[in-house]
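File shown: input.txt (compact mmCIF, C-alpha atoms).
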```txt
# COMPACT_ATOMS: atom_id res chain seq x y z
CA MET J 1 -184.21 -52.76 -22.07
CA ASP J 2 -181.32 -55.11 -21.44
CA GLY J 3 -180.80 -58.41 -23.18
CA VAL J 4 -183.18 -61.14 -24.21
CA HIS J 5 -185.28 -62.08 -21.18
CA GLU J 6 -186.04 -65.62 -20.19
CA HIS J 7 -189.79 -65.65 -19.90
CA GLN J 8 -191.52 -67.40 -22.74
CA SER J 9 -194.82 -68.74 -21.43
CA GLN J 10 -196.58 -71.85 -22.57
CA SER J 11 -198.59 -70.03 -25.25
CA LEU J 12 -195.61 -68.09 -26.58
CA GLY J 13 -192.91 -70.61 -25.90
CA GLU J 14 -194.40 -73.95 -26.83
CA ASP J 15 -191.58 -76.04 -28.26
CA ASN J 16 -193.12 -77.96 -31.13
CA GLU J 17 -192.00 -79.05 -34.55
CA ASN J 18 -193.14 -75.79 -36.13
CA GLU J 19 -191.64 -73.02 -34.04
CA ILE J 20 -188.65 -72.80 -31.76
CA VAL J 21 -188.40 -71.01 -28.43
CA ALA J 22 -186.05 -68.09 -27.85
CA GLU J 23 -184.80 -68.91 -24.36
CA THR J 24 -182.09 -66.85 -22.72
CA ALA J 25 -178.65 -67.79 -24.00
CA ALA J 26 -175.30 -66.17 -24.56
CA PHE J 27 -175.48 -63.82 -27.52
CA VAL J 28 -173.85 -65.16 -30.65
CA HIS J 29 -172.56 -62.20 -32.60
CA GLY J 30 -173.39 -62.78 -36.24
CA GLU J 31 -172.25 -60.22 -38.77
CA PRO J 32 -174.49 -59.28 -41.68
CA PRO J 33 -172.93 -58.57 -45.07
CA GLN J 34 -171.04 -55.32 -45.38
CA ASP J 35 -173.26 -52.49 -46.50
CA ALA J 36 -170.98 -49.95 -48.12
CA ASN J 37 -171.68 -48.33 -51.46
CA GLY J 38 -168.86 -50.17 -53.19
CA PRO J 39 -167.63 -53.77 -53.02
CA PRO J 40 -166.35 -54.94 -49.63
CA LYS J 41 -162.66 -55.42 -48.88
CA ALA J 42 -161.21 -58.87 -48.19
CA ASP J 43 -157.82 -59.52 -46.59
CA SER J 44 -157.71 -63.26 -47.22
CA GLU J 45 -155.51 -64.99 -49.76
CA VAL J 46 -156.56 -64.79 -53.40
CA GLU J 47 -157.55 -68.22 -54.77
CA ILE J 48 -157.45 -68.75 -58.53
CA LEU J 49 -160.44 -70.90 -59.53
CA HIS J 50 -160.23 -70.32 -63.26
CA GLU J 51 -158.27 -68.18 -65.68
CA LYS J 52 -161.07 -65.61 -65.39
CA VAL J 53 -162.31 -66.24 -61.82
CA THR J 54 -160.61 -65.51 -58.49
CA LYS J 55 -161.99 -65.81 -54.97
CA GLN J 56 -161.28 -64.33 -51.53
CA ILE J 57 -163.10 -65.67 -48.48
CA ILE J 58 -164.82 -63.08 -46.29
CA LYS J 59 -166.44 -65.59 -43.92
CA GLU J 60 -165.69 -69.29 -43.62
CA GLY J 61 -168.47 -71.81 -44.28
CA HIS J 62 -169.04 -75.35 -43.04
CA GLY J 63 -169.69 -78.83 -44.38
CA GLN J 64 -169.34 -80.05 -47.95
CA LYS J 65 -169.19 -78.20 -51.25
CA PRO J 66 -171.98 -78.52 -53.84
CA SER J 67 -171.48 -80.85 -56.77
CA LYS J 68 -172.76 -80.61 -60.33
CA TYR J 69 -176.55 -80.34 -60.56
CA SER J 70 -176.84 -79.25 -56.92
CA THR J 71 -179.55 -76.64 -56.40
CA CYS J 72 -177.82 -73.72 -54.68
CA PHE J 73 -179.56 -70.98 -52.73
CA LEU J 74 -177.60 -67.75 -52.49
CA HIS J 75 -177.62 -64.04 -51.96
CA TYR J 76 -175.29 -61.81 -53.92
CA ARG J 77 -174.46 -58.24 -54.77
CA ALA J 78 -172.78 -57.43 -58.08
CA TRP J 79 -170.74 -54.47 -59.32
CA THR J 80 -168.99 -53.65 -62.59
CA GLU J 81 -165.31 -53.59 -61.70
CA SER J 82 -164.35 -50.53 -63.77
CA THR J 83 -167.08 -48.15 -62.59
CA GLN J 84 -167.99 -49.75 -59.19
CA HIS J 85 -171.64 -49.49 -60.26
CA LYS J 86 -173.84 -51.91 -58.30
CA PHE J 87 -176.30 -53.44 -60.73
CA GLU J 88 -177.92 -56.20 -58.66
CA ASP J 89 -178.63 -57.01 -55.01
CA THR J 90 -180.83 -60.01 -54.12
CA ARG J 91 -181.07 -58.95 -50.46
CA GLU J 92 -183.05 -55.86 -51.40
CA GLU J 93 -185.83 -58.19 -52.58
CA GLN J 94 -185.48 -60.42 -49.50
CA ARG J 95 -185.48 -63.44 -51.77
CA PRO J 96 -182.50 -65.76 -52.38
CA LEU J 97 -181.52 -66.72 -55.91
CA GLU J 98 -181.81 -70.36 -56.92
CA LEU J 99 -179.11 -71.67 -59.25
CA VAL J 100 -178.60 -75.27 -60.45
CA LEU J 101 -174.90 -75.88 -61.05
CA GLY J 102 -174.34 -77.03 -64.61
CA LYS J 103 -177.65 -75.54 -65.75
CA GLU J 104 -176.95 -71.87 -65.07
CA LYS J 105 -177.48 -69.07 -67.60
CA LYS J 106 -174.47 -68.13 -69.73
CA GLU J 107 -173.92 -64.84 -67.90
CA MET J 108 -173.83 -66.76 -64.57
CA THR J 109 -170.98 -69.08 -65.60
CA GLY J 110 -168.34 -67.26 -63.56
CA LEU J 111 -170.65 -67.05 -60.55
CA ALA J 112 -171.34 -70.81 -60.79
CA ILE J 113 -167.59 -71.57 -60.83
CA GLY J 114 -167.26 -69.59 -57.62
CA LEU J 115 -170.22 -71.32 -56.00
CA SER J 116 -168.83 -74.77 -56.72
CA SER J 117 -165.82 -73.92 -54.52
CA MET J 118 -167.88 -72.66 -51.56
CA LYS J 119 -169.36 -74.29 -48.46
CA SER J 120 -172.74 -73.58 -46.89
CA GLY J 121 -172.65 -70.32 -44.96
CA GLU J 122 -169.52 -69.13 -46.73
CA ARG J 123 -169.34 -65.54 -47.93
CA ALA J 124 -166.77 -64.66 -50.57
CA LEU J 125 -165.61 -62.00 -53.00
CA LEU J 126 -165.43 -63.14 -56.62
CA HIS J 127 -163.72 -61.36 -59.50
CA VAL J 128 -165.13 -62.62 -62.82
CA GLY J 129 -163.84 -61.72 -66.27
CA SER J 130 -166.33 -60.39 -68.81
CA GLU J 131 -166.00 -63.59 -70.90
CA LEU J 132 -167.72 -65.54 -68.10
CA GLY J 133 -170.22 -62.75 -67.39
CA TYR J 134 -172.21 -60.60 -69.79
CA GLY J 135 -169.54 -60.73 -72.51
CA LYS J 136 -169.19 -58.42 -75.49
CA GLU J 137 -172.90 -57.65 -75.68
CA GLY J 138 -173.44 -56.65 -72.05
CA SER J 139 -177.03 -56.11 -70.90
CA PHE J 140 -179.05 -53.00 -71.59
CA SER J 141 -182.24 -54.14 -69.87
CA PHE J 142 -182.15 -55.47 -66.32
CA PRO J 143 -179.57 -55.72 -65.01
CA ASN J 144 -177.80 -52.88 -66.81
CA VAL J 145 -174.25 -54.05 -67.52
CA PRO J 146 -172.01 -52.45 -70.18
CA PRO J 147 -170.18 -54.57 -72.80
CA MET J 148 -166.87 -56.21 -71.82
CA ALA J 149 -167.42 -55.46 -68.12
CA ASP J 150 -165.51 -57.49 -65.54
CA ILE J 151 -167.72 -58.21 -62.52
CA ILE J 152 -167.21 -58.26 -58.76
CA TYR J 153 -169.59 -60.46 -56.77
CA GLU J 154 -170.09 -60.56 -53.02
CA VAL J 155 -171.71 -63.99 -52.65
CA GLU J 156 -173.20 -65.85 -49.70
CA LEU J 157 -174.04 -69.50 -50.24
CA ILE J 158 -177.00 -70.07 -47.94
CA GLY J 159 -177.08 -73.79 -48.67
CA PHE J 160 -177.76 -76.34 -51.38
CA ASP J 161 -179.75 -79.46 -52.19
CA GLU J 162 -177.95 -82.41 -53.72
CA THR J 163 -180.20 -83.69 -56.52
CA LYS J 164 -178.79 -85.87 -59.24
CA GLU J 165 -181.36 -84.77 -61.76
CA GLY J 166 -180.95 -81.09 -60.87
CA LYS J 167 -184.64 -80.59 -60.18
CA ALA J 168 -185.35 -76.91 -59.63
CA ARG J 169 -188.20 -75.50 -57.57
CA ALA J 170 -190.12 -74.58 -60.70
CA ASP J 171 -190.21 -78.26 -61.72
CA MET J 172 -191.57 -79.48 -58.37
CA THR J 173 -195.21 -80.10 -57.53
CA VAL J 174 -196.83 -78.04 -54.78
CA GLU J 175 -196.57 -80.94 -52.34
CA GLU J 176 -192.87 -81.47 -53.17
CA ARG J 177 -192.01 -77.82 -52.57
CA ILE J 178 -193.89 -77.63 -49.28
CA GLY J 179 -192.32 -80.94 -48.19
CA ALA J 180 -188.81 -79.75 -49.07
CA ALA J 181 -189.41 -76.50 -47.16
CA ASP J 182 -190.71 -78.38 -44.13
CA ARG J 183 -187.58 -80.58 -44.02
CA ARG J 184 -185.41 -77.48 -44.07
CA LYS J 185 -187.44 -75.97 -41.26
CA MET J 186 -186.99 -79.11 -39.13
CA ASP J 187 -183.24 -79.06 -39.80
CA GLY J 188 -183.18 -75.43 -38.72
CA ASN J 189 -184.99 -76.21 -35.47
CA ALA J 190 -182.42 -78.89 -34.64
CA LEU J 191 -179.56 -76.47 -35.29
CA PHE J 192 -181.22 -73.81 -33.15
CA LYS J 193 -181.38 -76.18 -30.19
CA GLU J 194 -177.61 -76.67 -30.60
CA GLU J 195 -177.15 -72.86 -30.50
CA LYS J 196 -175.93 -72.88 -34.12
CA LEU J 197 -177.95 -69.82 -34.94
CA GLU J 198 -176.29 -68.78 -38.20
CA GLU J 199 -176.65 -72.30 -39.60
CA ALA J 200 -180.24 -72.50 -38.39
CA MET J 201 -181.09 -69.27 -40.19
CA GLN J 202 -179.60 -70.65 -43.41
CA GLN J 203 -182.01 -73.58 -43.21
CA TYR J 204 -184.99 -71.32 -42.53
CA GLU J 205 -184.02 -69.04 -45.39
CA MET J 206 -183.74 -72.00 -47.75
CA ALA J 207 -187.17 -73.20 -46.62
CA ILE J 208 -188.62 -69.76 -47.32
CA ALA J 209 -186.94 -69.77 -50.75
CA TYR J 210 -189.13 -72.73 -51.75
CA MET J 211 -192.19 -70.56 -51.14
CA GLY J 212 -191.42 -67.28 -52.85
CA ASP J 213 -193.99 -64.66 -53.74
CA ASP J 214 -194.47 -66.04 -57.25
CA PHE J 215 -195.31 -69.46 -55.79
CA MET J 216 -197.58 -68.19 -53.01
CA PHE J 217 -199.51 -66.01 -55.45
CA GLN J 218 -200.67 -69.15 -57.28
CA LEU J 219 -201.94 -70.95 -54.17
CA PHE J 220 -205.50 -70.95 -52.88
CA GLY J 221 -207.48 -72.78 -50.23
CA LYS J 222 -205.87 -75.71 -48.44
CA TYR J 223 -202.60 -75.48 -50.41
CA ARG J 224 -202.06 -71.89 -49.35
CA ASP J 225 -202.85 -72.84 -45.74
CA MET J 226 -200.35 -75.72 -45.96
CA ALA J 227 -197.66 -73.43 -47.32
CA LEU J 228 -198.25 -70.70 -44.71
CA ALA J 229 -198.13 -73.33 -41.95
CA VAL J 230 -194.49 -73.90 -42.94
CA LYS J 231 -193.47 -70.45 -44.20
CA ASN J 232 -194.66 -68.28 -41.29
CA PRO J 233 -192.98 -70.36 -38.56
CA CYS J 234 -189.71 -70.06 -40.52
CA HIS J 235 -189.98 -66.26 -40.45
CA LEU J 236 -190.78 -66.34 -36.72
CA ASN J 237 -187.89 -68.70 -36.03
CA MET J 238 -185.55 -66.44 -37.96
CA ALA J 239 -186.78 -63.54 -35.83
CA ALA J 240 -185.95 -65.52 -32.68
CA CYS J 241 -182.43 -66.16 -33.99
CA LEU J 242 -181.95 -62.52 -34.99
CA ILE J 243 -183.01 -61.30 -31.54
CA LYS J 244 -180.37 -63.55 -29.99
CA LEU J 245 -177.84 -62.18 -32.49
CA GLN J 246 -178.89 -58.63 -31.53
CA ARG J 247 -179.88 -57.89 -35.14
CA PHE J 248 -183.14 -56.27 -34.08
CA ASP J 249 -184.02 -54.40 -37.29
CA GLU J 250 -183.91 -57.65 -39.26
CA ALA J 251 -186.01 -59.40 -36.60
CA ILE J 252 -188.67 -56.68 -36.94
CA MET J 253 -188.71 -57.24 -40.70
CA GLN J 254 -189.27 -61.00 -40.35
CA CYS J 255 -192.15 -60.50 -37.90
CA SER J 256 -193.73 -57.86 -40.13
CA ILE J 257 -193.78 -60.35 -43.02
CA VAL J 258 -195.87 -62.72 -40.89
CA LEU J 259 -198.15 -59.93 -39.69
CA ALA J 260 -198.85 -58.95 -43.30
CA GLU J 261 -200.48 -62.39 -43.64
CA GLU J 262 -201.80 -62.81 -40.09
CA GLU J 263 -202.23 -59.42 -38.44
CA ASN J 264 -203.18 -60.96 -35.09
CA ASN J 265 -200.35 -63.50 -34.84
CA VAL J 266 -199.40 -63.34 -31.16
CA LYS J 267 -195.85 -64.64 -31.56
CA ALA J 268 -195.11 -62.18 -34.35
CA LEU J 269 -196.46 -59.28 -32.27
CA PHE J 270 -194.55 -60.43 -29.20
CA ARG J 271 -191.19 -60.88 -30.94
CA ARG J 272 -191.52 -57.65 -32.89
CA GLY J 273 -192.33 -55.91 -29.62
CA LYS J 274 -189.20 -57.32 -28.01
CA ALA J 275 -187.01 -56.22 -30.91
CA ARG J 276 -188.54 -52.75 -30.87
CA ALA J 277 -188.03 -52.50 -27.11
CA GLU J 278 -184.35 -53.40 -27.51
CA LEU J 279 -184.00 -50.56 -30.04
CA GLY J 280 -185.58 -48.11 -27.60
CA GLN J 281 -188.81 -47.86 -29.63
CA THR J 282 -190.87 -48.15 -26.46
CA ASP J 283 -194.15 -46.70 -27.79
CA ALA J 284 -194.17 -49.05 -30.80
CA ALA J 285 -193.17 -51.98 -28.57
CA ARG J 286 -195.98 -51.24 -26.13
CA GLU J 287 -198.46 -51.10 -29.00
CA ASP J 288 -197.37 -54.60 -30.14
CA PHE J 289 -197.54 -56.05 -26.63
CA LEU J 290 -200.98 -54.54 -25.94
CA LYS J 291 -202.35 -55.95 -29.18
CA ALA J 292 -200.83 -59.36 -28.39
CA ARG J 293 -202.43 -59.27 -24.94
CA LYS J 294 -205.89 -58.87 -26.52
CA PHE J 295 -205.52 -62.34 -28.02
CA ALA J 296 -203.55 -63.89 -25.12
CA PRO J 297 -204.75 -62.04 -22.00
CA GLU J 298 -203.41 -64.66 -19.58
CA ASP J 299 -199.93 -64.83 -21.08
CA LYS J 300 -197.32 -64.09 -18.42
CA ALA J 301 -194.57 -63.24 -20.90
CA ILE J 302 -196.59 -60.39 -22.40
CA THR J 303 -197.53 -59.10 -18.95
CA ARG J 304 -193.90 -59.17 -17.89
CA GLU J 305 -192.74 -57.23 -20.96
CA LEU J 306 -195.39 -54.56 -20.35
CA ARG J 307 -194.27 -54.29 -16.74
CA LEU J 308 -190.65 -53.94 -17.85
CA LEU J 309 -191.65 -51.15 -20.22
CA ALA J 310 -193.51 -49.37 -17.41
CA GLU J 311 -190.49 -49.70 -15.13
CA HIS J 312 -188.27 -48.44 -17.92
CA ASP J 313 -190.48 -45.38 -18.43
CA LYS J 314 -190.57 -44.68 -14.67
CA ALA J 315 -186.78 -44.94 -14.39
CA LEU J 316 -186.38 -42.66 -17.40
CA TYR J 317 -188.74 -40.09 -15.84
CA GLN J 318 -186.82 -40.14 -12.55
CA LYS J 319 -183.53 -39.77 -14.40
CA GLN J 320 -184.82 -36.79 -16.37
CA LYS J 321 -186.20 -35.27 -13.16
CA GLU J 322 -182.77 -35.53 -11.51
CA ILE J 323 -181.09 -34.03 -14.58
CA TYR J 324 -183.40 -30.99 -14.58
CA LYS J 325 -183.08 -30.64 -10.82
CA GLY J 326 -179.30 -30.58 -11.12
CA LEU J 327 -179.44 -28.24 -14.07
CA PHE J 328 -181.61 -25.51 -12.54
CA GLY J 329 -181.10 -26.28 -8.86
CA PRO J 330 -183.53 -25.48 -5.99
CA ARG J 331 -184.93 -21.96 -5.70
CA PRO J 332 -182.64 -19.97 -3.41
CA GLU J 333 -184.11 -18.82 -0.09
CA PRO J 334 -183.83 -15.05 0.61
CA LYS J 335 -181.04 -14.33 3.10
CA PRO J 336 -181.91 -12.20 6.16
CA LYS J 337 -180.33 -8.76 5.85
CA GLY J 338 -177.85 -7.81 8.53
CA THR J 339 -178.71 -4.66 10.59
CA ASN J 340 -176.21 -1.76 10.29
CA TRP J 341 -175.69 -0.07 13.77
CA VAL J 342 -174.78 3.27 12.19
CA VAL J 343 -178.13 3.38 10.40
CA ARG J 344 -179.95 2.48 13.61
CA PHE J 345 -178.13 5.25 15.54
CA TRP J 346 -179.14 7.93 13.02
CA GLN J 347 -182.73 6.67 13.04
CA TRP J 348 -182.81 6.98 16.85
CA LEU J 349 -181.23 10.44 16.77
CA LEU J 350 -183.70 11.78 14.19
CA LEU J 351 -186.61 10.37 16.16
CA LEU J 352 -185.32 12.08 19.34
CA ILE J 353 -184.92 15.50 17.63
CA PHE J 354 -188.42 15.16 16.12
CA ARG J 355 -189.95 14.52 19.54
CA LEU J 356 -188.05 17.42 21.17
CA PHE J 357 -189.15 19.72 18.40
CA ARG J 358 -192.79 18.77 18.88
CA ARG J 359 -192.55 19.29 22.69
CA GLY J 360 -191.01 22.77 22.22
CA GLY J 361 -193.82 23.72 19.86
CA HIS J 362 -196.49 22.86 22.43
CA LYS J 363 -194.83 25.07 25.14
CA ALA J 364 -194.75 28.13 22.84
CA GLU J 365 -198.54 27.99 22.43
```
Starting from the file, give its structure as structure tokens.
Amino acid sequence: MDGVHEHQSQSLGEDNENEIVAETAAFVHGEPPQDANGPPKADSEVEILHEKVTKQIIKEGHGQKPSKYSTCFLHYRAWTESTQHKFEDTREEQRPLELVLGKEKKEMTGLAIGLSSMKSGERALLHVGSELGYGKEGSFSFPNVPPMADIIYEVELIGFDETKEGKARADMTVEERIGAADRRKMDGNALFKEEKLEEAMQQYEMAIAYMGDDFMFQLFGKYRDMALAVKNPCHLNMAACLIKLQRFDEAIMQCSIVLAEEENNVKALFRRGKARAELGQTDAAREDFLKARKFAPEDKAITRELRLLAEHDKALYQKQKEIYKGLFGPRPEPKPKGTNWVVRFWQWLLLLIFRLFRRGGHKAE
């Protein structure tokens, strides 16, 4: 399957304030964080932020920097510098960390100093001295950090909210959290329309951060419905961005989150099917498209994707047929044997002698 096809129908591609449409566009190659066992390498200049904190930029950000009492949303991975032991990774939980600058925990002081120098979307490598980390005591619970351990952080600042009072999510009412998430979603939709996919995803991720598992677990009835009406479109919109960025595994993950809540969500099935098709997972993709068609039988986009899969399978069969034909070749036809004249002469001579012998025998009788 080649590229992202332009074929969203009315039911799958309705451009409203909740969900964006993934129309064909030039791919924007986003790069996810490095995924090696140890800390990533950075070639940029070392910036001294504090006597115990240095920073190297891995990826440039945009816009302003957060001020004191800003609520920052971030992902980070952390290692002890001496042993290169990774003791924390927020991406494994698929949930950003929320940190209010000026109100951070003592062990996050060095991390907060680094964040205050970053812009939204920026990814950086921080080296933090033990005095601004877990100190002399270390941590023997979770995370497990030995005493006097200097720390290396790979940090991505997803975005931040400027709030003078430093009001964290936990201090907001249900309506305030859903409202804040909805504003982020709308900002993300606007950025998507401008083809600023990385920035759009940051807004969607911040919106989702307002409605983490701990929050959703407490909601029932209309409040849960209100929250899902904002949260699920953010996951689907992130999936649309990730498909355009050719990060298909991540797109599948976002759609699967929605399907865990709404197993018959047509857009989630459709976008997961597209991502699976791009990865060559044609059987799984067909299963998603067929299930989506049950709930949207007239949808042209689903029909087209199923036709493309059928054409793909037919082309693959023909290709394999040609390969096997070339490998074994056609069955050779038996060649006619040439007649040897010497053999024919001796056959004629023997036949002649045999006949003469028989004639002589008859005369003797």
Within 12 Å of file point (-169.2, -73.0, -54.2), counting only C-alpha atoms, expressed as a VMD selection string: chain J and resid 49 55 57 60 to 68 70 to 74 99 to 101 110 to 126 155 to 160
Point out the residue among J:Arg286, J:Lys86, J:Arg293, J:Lys193 with the least atom-to-atom distance to J:Val266, counting all atoms listed in the file.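 Under the stated criterion, the closest residue is J:Arg293.
Interatomic distance, atom CA of J:Arg307 against atom CA of J:Glu250: 25.0 Å.
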Excluding J:Tyr134 and any residue of its chain fewer than 5 positions from it, enumerate the residues within 12 Å of it, using only C-alpha atoms, and give them as a tab-separated table (two decimals) with C-alpha atoms, keeping the file's coordinate frame.
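Here's the written file out20.tsv:
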```tsv
chain	number	residue	atom	x	y	z
J	80	THR	CA	-168.99	-53.65	-62.59
J	105	LYS	CA	-177.48	-69.07	-67.60
J	106	LYS	CA	-174.47	-68.13	-69.73
J	107	GLU	CA	-173.92	-64.84	-67.90
J	108	MET	CA	-173.83	-66.76	-64.57
J	109	THR	CA	-170.98	-69.08	-65.60
J	110	GLY	CA	-168.34	-67.26	-63.56
J	111	LEU	CA	-170.65	-67.05	-60.55
J	128	VAL	CA	-165.13	-62.62	-62.82
J	129	GLY	CA	-163.84	-61.72	-66.27
J	139	SER	CA	-177.03	-56.11	-70.90
J	140	PHE	CA	-179.05	-53.00	-71.59
J	141	SER	CA	-182.24	-54.14	-69.87
J	142	PHE	CA	-182.15	-55.47	-66.32
J	143	PRO	CA	-179.57	-55.72	-65.01
J	144	ASN	CA	-177.80	-52.88	-66.81
J	145	VAL	CA	-174.25	-54.05	-67.52
J	146	PRO	CA	-172.01	-52.45	-70.18
J	147	PRO	CA	-170.18	-54.57	-72.80
J	148	MET	CA	-166.87	-56.21	-71.82
J	149	ALA	CA	-167.42	-55.46	-68.12
J	150	ASP	CA	-165.51	-57.49	-65.54
J	151	ILE	CA	-167.72	-58.21	-62.52
```
Just the number, please: distance in Å from atom CA of J:Ile252 to atom CA of J:His235, one decimal.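 Distance between the two atoms: 10.3 Å.
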With all atoms listed in the file as the counted atoms, please give the residues lying no more than 7 Å from J:Tyr210, apart from itself and same-chain residues fewer than 2 positions off, as a PDB file with C-alpha atoms, in the coordinates of the input.
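Listing of selection09.pdb after writing:
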```
ATOM      1  CA  ARG J 169    -188.200 -75.500 -57.570  1.00  0.00           C
ATOM      2  CA  ARG J 177    -192.010 -77.820 -52.570  1.00  0.00           C
ATOM      3  CA  ALA J 181    -189.410 -76.500 -47.160  1.00  0.00           C
ATOM      4  CA  MET J 206    -183.740 -72.000 -47.750  1.00  0.00           C
ATOM      5  CA  ALA J 207    -187.170 -73.200 -46.620  1.00  0.00           C
ATOM      6  CA  ILE J 208    -188.620 -69.760 -47.320  1.00  0.00           C
ATOM      7  CA  GLY J 212    -191.420 -67.280 -52.850  1.00  0.00           C
TER       8      GLY J 212
END
```
Find the residues near J:Ile178: any atom within 8 Å, counting all atoms listed in the file, skip ones fewer than 4 places away on the same chain, and give them as a ChimeraX atom specification. /J:174,182,210-211,226-227,230
Rank nothing, just name the residue among J:Lys59, J:Val46, J:Tyr153, J:Ala296 nearest to J:Glu81, using only C-alpha atoms.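 For J:Glu81, the nearest of the given residues is J:Tyr153.
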How far is it from atom CA of J:Ala268 to atom CA of J:Ser256, in Å with one decimal? 7.3 Å
Would you list the contacts of J:Gln281 as a list in words, taking every protein, DNA or RNA residue within 12 Å and counting only C-alpha atoms, but skipping same-chain residues closer than 5 positions in sequence? Met1, Phe248, Asp249, Ile252, Arg272, Gly273, Lys274, Ala275, Arg276, Arg286, Glu287, Asp288, Leu309, His312 and Asp313 of chain J
Near J:Gln203, within 6 Å and counting all atoms listed in the file, which residues show up once chain neighbours fewer than 2 positions away are dropped, as a PyMOL selection string? chain J and resi 184+188+200-201+205-206
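Of the residues under consideration (J:Leu228, J:Leu245, J:Ile323, J:Ile58), J:Leu228 shows the shortest atom-to-atom contact distance to J:Met216 when counting all atoms listed in the file.
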Using the file's own x, y and z axes, so that the box edges lie along x, y and z, what centre and edge lengths in Å (one decimal) does a box around every listed atom of stretch 125-136 of chain J get when 4 Å is added on each side? Give it as lines of an AutoDock Vina configuration file.
```
center_x = -168.0
center_y = -62.0
center_z = -64.2
size_x = 16.5
size_y = 15.1
size_z = 30.5
```
Under the rule that only C-alpha atoms are counted, which of J:Leu191, J:Leu259, J:Leu308, J:Met186 is the nearest residue to J:Ala292?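 Distance minimum relative to J:Ala292 lands on J:Leu259.
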Using the atoms already present, construct N, CA, C and O atoms for stretch 344-355 of chain J and hand them back as a CSV table (one decimal), in the frame of the given file.
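Saved file result-v6.csv follows:
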```csv
chain,number,residue,atom,x,y,z
J,344,ARG,N,-179.0,2.5,12.5
J,344,ARG,CA,-180.0,2.5,13.6
J,344,ARG,C,-179.7,3.7,14.5
J,344,ARG,O,-180.7,4.3,15.1
J,345,PHE,N,-178.5,4.1,14.7
J,345,PHE,CA,-178.1,5.2,15.5
J,345,PHE,C,-178.8,6.5,15.0
J,345,PHE,O,-179.4,7.3,15.7
J,346,TRP,N,-178.6,6.7,13.6
J,346,TRP,CA,-179.1,7.9,13.0
J,346,TRP,C,-180.7,7.9,13.0
J,346,TRP,O,-181.3,9.0,13.2
J,347,GLN,N,-181.3,6.7,12.9
J,347,GLN,CA,-182.7,6.7,13.0
J,347,GLN,C,-183.2,7.1,14.4
J,347,GLN,O,-184.2,7.8,14.6
J,348,TRP,N,-182.5,6.6,15.5
J,348,TRP,CA,-182.8,7.0,16.8
J,348,TRP,C,-182.6,8.5,17.1
J,348,TRP,O,-183.5,9.1,17.7
J,349,LEU,N,-181.5,9.0,16.5
J,349,LEU,CA,-181.2,10.4,16.8
J,349,LEU,C,-182.3,11.3,16.1
J,349,LEU,O,-182.8,12.3,16.7
J,350,LEU,N,-182.7,11.0,14.9
J,350,LEU,CA,-183.7,11.8,14.2
J,350,LEU,C,-185.0,11.7,14.9
J,350,LEU,O,-185.8,12.7,15.0
J,351,LEU,N,-185.4,10.5,15.4
J,351,LEU,CA,-186.6,10.4,16.2
J,351,LEU,C,-186.6,11.2,17.4
J,351,LEU,O,-187.6,11.9,17.8
J,352,LEU,N,-185.5,11.3,18.1
J,352,LEU,CA,-185.3,12.1,19.3
J,352,LEU,C,-185.5,13.6,19.1
J,352,LEU,O,-186.2,14.3,19.8
J,353,ILE,N,-184.8,14.1,18.0
J,353,ILE,CA,-184.9,15.5,17.6
J,353,ILE,C,-186.4,15.8,17.3
J,353,ILE,O,-186.9,16.9,17.6
J,354,PHE,N,-187.0,14.9,16.5
J,354,PHE,CA,-188.4,15.2,16.1
J,354,PHE,C,-189.3,15.3,17.3
J,354,PHE,O,-190.2,16.2,17.4
J,355,ARG,N,-189.1,14.5,18.3
J,355,ARG,CA,-190.0,14.5,19.5
J,355,ARG,C,-189.7,15.8,20.3
J,355,ARG,O,-190.6,16.4,20.9
```
